[in-house]
Amino acid sequence: MMLKKNPIQFFNVTKRYLNLQEYQSKTLMEKYNVSIQNFKIVENRAQAAQVVNELNFKEYVIKAQILAGGRGKGIFSNGFKGGVQILKDSNKIPGIVDKMINNRLITKQTPPEGVLVKKVLIGEAIDIKRETYLAFLMDRSSGGPMMIGSPAGGMDIEEVAEKTPNLIFKQEIDVREGLYRHNARIMAKNIGFSSTLLEQATTQIMNLYKMFIAVDATQIEINPLGETSDGKVNGAGLAMATMDIIQLYGGKPANFLDVGGNVTEDQVYQAFKIISKDPQVKAILVNIFGGIVNCAVIANGIKNACQTIDLKIPLIVRLEGTNVDEGKKILEKSGLNIITAKNLDEAAKKAVASI
């Protein structure tokens, strides 16, 4: 009699248990053009003192780096209170870092003995006007990626879903097709971004999805996805949105310049002077949303630059925001051959068509 045993099959099962520190997540996000605030990581008081000399922020945020929530209300083993500190006096930063490093931080999410702090983030404190929520995750029920958003950010999303389910927006994504820009724009609208910030927010959502797929994540969550008081989405999203849309219509962005909130007419002139020297530049697109910037200042700078340097390549200008009517009048009366556009989409189309 012969016994015939069933063959034994072996399967290789890969398990991933990967949690990233805040600074690691921010570094990864920056790689995929998801806007973050400026920051440095230090491991001791001496490094903190050196970093402070390199940074020049109006306000600083100091954050202990551990894998646990509730850091702001945490207490260190040496009695120091608060794993997140916000201050304006940079001279106090090295002392605060010294109280965090090599001490255990105890929060509601740590073991009773706390977690040892080995690194501290020193970053720019951002004035957030409004907080929203955005996440991508692999959804079991639909068998693919799911985009989730809410205008109620900065709080426990499970609590939001329980108390106000009407503030939770979900959208399934076909992993073969990917995320279309118009679907990202719908989510941006659902979570409350106005027309002036819509393209910035849409670009941020698109970039986050690219990161989600590229790193093979099971879940990526930003809480909060903030709208800053100077009209941005966690950083300079407008420039990235402009370059994305130019590429969408077949153009190739050469570079970009963010003029900032305190731009002067002379700075606009100098920018045109530099750009016009590059023979590879075939057109110039000026895309301004003047939340802080005065459109009249930009218009005068453009007028003076074009008249002085005798610009020979197409110039496309879209102005929106503070003092926009005055800015448009200045350009109209200048007599210059300027192609104007009502919105970013139209501006990008005209810029590509001009070359």
# chains A, B, ... in the order shown; residues from 1 in each chain; ligands from 1
>>> residues_around(residues="A:Ala64", least_positions_apart="2", cutoff="9 Å", atoms="only C-alpha atoms", output="list in words")
Ile62, Ile66, Arg71, Gly82, Gly83, Val84, Val97, Met100, Ile101, Leu105, Val117, Lys118, Lys119, Val120 and Leu121 of chain A
>>> residues_around(residues="A:Leu331", least_positions_apart="2", cutoff="10 Å", atoms="only C-alpha atoms", output="JSON, numbers by chain")
{"A": [296, 298, 299, 300, 302, 303, 317, 326, 327, 328, 329, 333, 334, 335, 336, 337, 338, 340]}
>>> residues_around(residues="stretch 35-42 of chain A", least_positions_apart="4", cutoff="8 Å", atoms="only C-alpha atoms", output="list in words")
Tyr23, Lys26, Met29, Glu30, Gln47, Ala48, Val51, Lys119, Val120, Leu121, Ile122, Gly123, Glu124, Ala125, Ile126, Gln204, Val233, Asn234, Gly235, Ala236 and Gly237 of chain A
>>> write_last_selection(atoms="N, CA and C atoms", output="PDB file, in the first residue's frame")
ATOM      1  N   TYR A  23       8.519  64.496  10.372  1.00  0.00           N
ATOM      2  CA  TYR A  23       9.514  65.114   9.491  1.00  0.00           C
ATOM      3  C   TYR A  23       9.791  64.236   8.271  1.00  0.00           C
ATOM      4  N   LYS A  26       6.852  64.807   5.878  1.00  0.00           N
ATOM      5  CA  LYS A  26       6.959  66.109   5.229  1.00  0.00           C
ATOM      6  C   LYS A  26       8.012  66.101   4.115  1.00  0.00           C
ATOM      7  N   MET A  29       6.496  64.311   1.201  1.00  0.00           N
ATOM      8  CA  MET A  29       5.492  65.164   0.559  1.00  0.00           C
ATOM      9  C   MET A  29       6.147  66.225  -0.309  1.00  0.00           C
ATOM     10  N   GLU A  30       7.222  66.810   0.189  1.00  0.00           N
ATOM     11  CA  GLU A  30       7.927  67.849  -0.567  1.00  0.00           C
ATOM     12  C   GLU A  30       8.458  67.294  -1.886  1.00  0.00           C
ATOM     13  N   GLN A  47      22.995  71.931  17.733  1.00  0.00           N
ATOM     14  CA  GLN A  47      22.411  71.985  16.392  1.00  0.00           C
ATOM     15  C   GLN A  47      21.266  73.002  16.338  1.00  0.00           C
ATOM     16  N   ALA A  48      20.479  73.054  17.408  1.00  0.00           N
ATOM     17  CA  ALA A  48      19.362  74.005  17.465  1.00  0.00           C
ATOM     18  C   ALA A  48      19.875  75.436  17.398  1.00  0.00           C
ATOM     19  N   VAL A  51      20.915  76.161  13.798  1.00  0.00           N
ATOM     20  CA  VAL A  51      19.762  76.276  12.915  1.00  0.00           C
ATOM     21  C   VAL A  51      19.067  77.611  13.090  1.00  0.00           C
ATOM     22  N   LYS A 119      14.663  63.367  18.211  1.00  0.00           N
ATOM     23  CA  LYS A 119      14.741  64.431  17.226  1.00  0.00           C
ATOM     24  C   LYS A 119      13.650  65.465  17.494  1.00  0.00           C
ATOM     25  N   VAL A 120      13.937  66.720  17.120  1.00  0.00           N
ATOM     26  CA  VAL A 120      12.984  67.823  17.290  1.00  0.00           C
ATOM     27  C   VAL A 120      12.918  68.609  15.990  1.00  0.00           C
ATOM     28  N   LEU A 121      11.702  68.938  15.578  1.00  0.00           N
ATOM     29  CA  LEU A 121      11.481  69.734  14.372  1.00  0.00           C
ATOM     30  C   LEU A 121      11.374  71.209  14.753  1.00  0.00           C
ATOM     31  N   ILE A 122      12.132  72.051  14.065  1.00  0.00           N
ATOM     32  CA  ILE A 122      12.025  73.505  14.205  1.00  0.00           C
ATOM     33  C   ILE A 122      11.496  74.031  12.876  1.00  0.00           C
ATOM     34  N   GLY A 123      10.289  74.579  12.893  1.00  0.00           N
ATOM     35  CA  GLY A 123       9.678  74.986  11.637  1.00  0.00           C
ATOM     36  C   GLY A 123       9.050  76.363  11.696  1.00  0.00           C
ATOM     37  N   GLU A 124       8.584  76.796  10.545  1.00  0.00           N
ATOM     38  CA  GLU A 124       7.893  78.081  10.435  1.00  0.00           C
ATOM     39  C   GLU A 124       6.445  77.900  10.877  1.00  0.00           C
ATOM     40  N   ALA A 125       6.005  78.688  11.840  1.00  0.00           N
ATOM     41  CA  ALA A 125       4.617  78.632  12.284  1.00  0.00           C
ATOM     42  C   ALA A 125       3.742  79.305  11.239  1.00  0.00           C
ATOM     43  N   ILE A 126       2.773  78.565  10.723  1.00  0.00           N
ATOM     44  CA  ILE A 126       1.901  79.047   9.663  1.00  0.00           C
ATOM     45  C   ILE A 126       0.576  79.517  10.244  1.00  0.00           C
ATOM     46  N   GLN A 204      -2.787  70.413  -5.379  1.00  0.00           N
ATOM     47  CA  GLN A 204      -2.316  69.739  -4.177  1.00  0.00           C
ATOM     48  C   GLN A 204      -2.930  68.340  -4.053  1.00  0.00           C
ATOM     49  N   VAL A 233      -2.527  77.331  -0.122  1.00  0.00           N
ATOM     50  CA  VAL A 233      -2.873  76.003   0.407  1.00  0.00           C
ATOM     51  C   VAL A 233      -1.599  75.351   0.893  1.00  0.00           C
ATOM     52  N   ASN A 234      -1.282  75.603   2.149  1.00  0.00           N
ATOM     53  CA  ASN A 234      -0.068  75.051   2.764  1.00  0.00           C
ATOM     54  C   ASN A 234       1.193  75.368   1.956  1.00  0.00           C
ATOM     55  N   GLY A 235       1.219  76.480   1.233  1.00  0.00           N
ATOM     56  CA  GLY A 235       2.419  76.826   0.485  1.00  0.00           C
ATOM     57  C   GLY A 235       2.113  77.386  -0.887  1.00  0.00           C
ATOM     58  N   ALA A 236       3.139  77.409  -1.764  1.00  0.00           N
ATOM     59  CA  ALA A 236       3.017  78.089  -3.058  1.00  0.00           C
ATOM     60  C   ALA A 236       2.396  77.192  -4.112  1.00  0.00           C
ATOM     61  N   GLY A 237       1.123  76.856  -3.921  1.00  0.00           N
ATOM     62  CA  GLY A 237       0.436  75.970  -4.854  1.00  0.00           C
ATOM     63  C   GLY A 237       0.095  76.639  -6.162  1.00  0.00           C
TER      64      GLY A 237
END
>>> select_by_dssp(residues="stretch 64-280 of chain A", states="strand (DSSP E or B)", output="VMD selection string")
chain A and resid 64 75 to 76 81 84 to 87 104 to 106 115 to 116 120 to 124 128 to 139 144 to 150 169 to 172 219 to 228 233
